[in-house]
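Asks: Shown below is the structure under consideration.
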Amino acid sequence: MFPNDKLRTIFFWTIEALALACLIFLVFRFDFLMHPIAVFANTVFMPLLVAGFFYYVLKPILKAIEKIRIKNWQMPRFLAVWITFALFLIVVGGALIIFVPLILNEITNMITAIPSFIKHVQDLANEMVKEPWFKRMNISVSDTDIKTSVTKYGTSVLSVTAGSLQAVIAGATSFTINALMVPIILFYMLNDADHFLPTVKNFFPKSKAQDVFELGGQLDKTIERYISGQAIQMVFVGFAMSIGYWMTGLPYIWLLGFIAGVANIVPYVGPFIGVVPAVLVALSISWKMIIGIVITMAIVQQVNGSIIYPALIGKSLKIHPLTVMLLLLGAGNLWGIVGMIIVVPVYAIARTIILYAYKLHLAQRKEQSVSELTKKTLDNE
């Protein structure tokens, strides 16, 4: 039926893949089975994801502590794990004690200032309509239209803010549970991470085990470099933007800096998203502040793009900026902001796997050609 073994193998795996796809499709049709599984997965996934993020942030620190050597004494791993974990708790606890009250206070002040913000935008719009350059555009806008539009959008902002606060309050219990679980999961990740790849290696045949081990090591390095680099970028951008906002005279500097730092996790697009709230706040005070914000963002992103990103992430990923933009465009349309956050590391992981498989294939072909050449030489003799 098949002219060679290669086609027989392809046919076999194609049937296997189709059967697996049909089985998954049928299982997903039964909601009474999938709903508990989905709830369990969502409950477990978030603490694992957050703990994994912190694990890769702390991994370089753990490695550095493990290398400490005093004369003939070498730092034991268990002690390095405890020191790293203690540093994590100190930093997180200090951030919660110092910055969380500041940010919450700024959120409260911002919500209180929304009515005055709406009135200021109305006055600004009225002044703009009276400008000669606006009159030359022959656009007819009345004071009533301005008041109605600004009130409408201001009310929308207020309702969205209130809805967000309600969602935060409703999710406080879940957040508390996750906050308690994350440090526990993180500790075990730091303590037992070295046993993961050797354990996975044992599930594969001896002929493939070493290749799986090497591929796992490359994936681990790729993820570590990306996540630790992103964390350093976020902290730098957050603090630098807060300082720039303070020099500009903008209020709510810690809240706006925090937004700018978190938004920076999305490559290229994130800095523009993160600066939008600052521009809106500046608009409620003086349009001249917007110039200071633009200058601040330009300086911070120049330092980040020229020094920090190439040193921490660029050398490890080696992804062309156009490729990143296309990935963000596709992932943003398909999965929104979450897709834009995860698409680059997922692409980097997939790229590492494909390149390693390709190199392995070339190596196997080279060994095969050498063996065939040796066989022919022996036959000729």
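Naming scheme: A, B, ... for chains in displayed order of the structure tokens; residues 1 onward per chain; ligands 1 onward as shown.
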Can you tell me which residues surround region 263-275 of chain A at a distance of at most 9 Å, considering only C-alpha atoms, apart from same-chain residues fewer than 5 positions away, and format the answer as number ranges by chain?
Replies: A: 230-231, 233-234, 237-238, 256-258, 280, 293-294, 297, 301, 321, 324-325, 328, 337, 340-342, 344
Asks: Show me, as a list of chain:residue names, the residues that have an atom within 8 Å of Leu255 (chain A) when counting only C-alpha atoms, minus same-chain residues fewer than 5 positions from it.
Replies: A:Ile103, A:Glu106, A:Ile107
Asks: So how far away is CA of Gly261 (chain A) from CA of Ile319 (chain A), in Å?
Replies: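 So the two atoms, CA of Ile319 (chain A) and CA of Gly261 (chain A), lie 22.1 Å apart.
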Asks: Go through A:Leu215, A:Ala80, A:Met241, A:Ile65 and flag the residue nearest Ile354 (chain A), using only C-alpha atoms for the distances.
Replies: A:Leu215
Asks: Counting only C-alpha atoms, figure out which residue out of A:Ile15, A:Phe236, A:Pro205, A:Tyr347 gets nearest to Gly305 (chain A).
Replies: A:Phe236
Asks: Just want the 9 Å neighbourhood of region 81-87 of chain A, counted on only C-alpha atoms, with same-chain residues fewer than 3 positions away dropped. Output as a tab-separated table (two decimals) with N, CA and C atoms, in the first residue's frame.
Replies:
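Result went into selection.tsv, see below:
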chain	number	residue	atom	x	y	z
A	58	LEU	N	14.06	35.84	40.19
A	58	LEU	CA	14.99	35.57	41.29
A	58	LEU	C	16.10	34.59	40.91
A	59	LYS	N	15.94	33.87	39.82
A	59	LYS	CA	16.92	32.84	39.47
A	59	LYS	C	18.34	33.40	39.29
A	61	ILE	N	19.63	35.93	40.79
A	61	ILE	CA	20.10	36.25	42.14
A	61	ILE	C	20.51	34.99	42.88
A	62	LEU	N	19.70	33.93	42.73
A	62	LEU	CA	20.02	32.64	43.36
A	62	LEU	C	21.35	32.10	42.85
A	65	ILE	N	24.22	34.09	44.42
A	65	ILE	CA	24.44	33.77	45.83
A	65	ILE	C	25.11	32.40	45.97
A	66	GLU	N	24.72	31.45	45.09
A	66	GLU	CA	25.32	30.11	45.13
A	66	GLU	C	26.82	30.14	44.85
A	76	PRO	N	26.09	26.60	50.47
A	76	PRO	CA	25.20	25.47	50.19
A	76	PRO	C	23.94	25.95	49.45
A	77	ARG	N	23.38	25.07	48.63
A	77	ARG	CA	22.21	25.47	47.83
A	77	ARG	C	21.01	25.80	48.73
A	78	PHE	N	20.77	24.97	49.75
A	78	PHE	CA	19.60	25.21	50.60
A	78	PHE	C	19.68	26.57	51.27
A	90	ILE	N	11.39	40.41	51.81
A	90	ILE	CA	11.71	41.75	52.30
A	90	ILE	C	11.35	42.81	51.26
A	91	VAL	N	11.73	42.56	50.01
A	91	VAL	CA	11.46	43.54	48.95
A	91	VAL	C	9.96	43.69	48.72
A	92	VAL	N	9.25	42.56	48.62
A	92	VAL	CA	7.80	42.61	48.39
A	92	VAL	C	7.09	43.25	49.58
A	183	PRO	N	3.91	32.64	47.41
A	183	PRO	CA	5.22	32.44	48.06
A	183	PRO	C	5.54	30.97	48.33
A	186	LEU	N	6.49	29.45	45.03
A	186	LEU	CA	7.78	30.01	44.64
A	186	LEU	C	8.93	29.35	45.39
A	187	PHE	N	8.76	29.12	46.69
A	187	PHE	CA	9.82	28.50	47.48
A	187	PHE	C	10.16	27.11	46.94
A	190	LEU	N	12.10	27.38	43.68
A	190	LEU	CA	13.51	27.71	43.90
A	190	LEU	C	14.29	26.51	44.44
A	191	ASN	N	13.63	25.75	45.32
A	191	ASN	CA	14.32	24.66	46.00
A	191	ASN	C	14.48	23.42	45.10
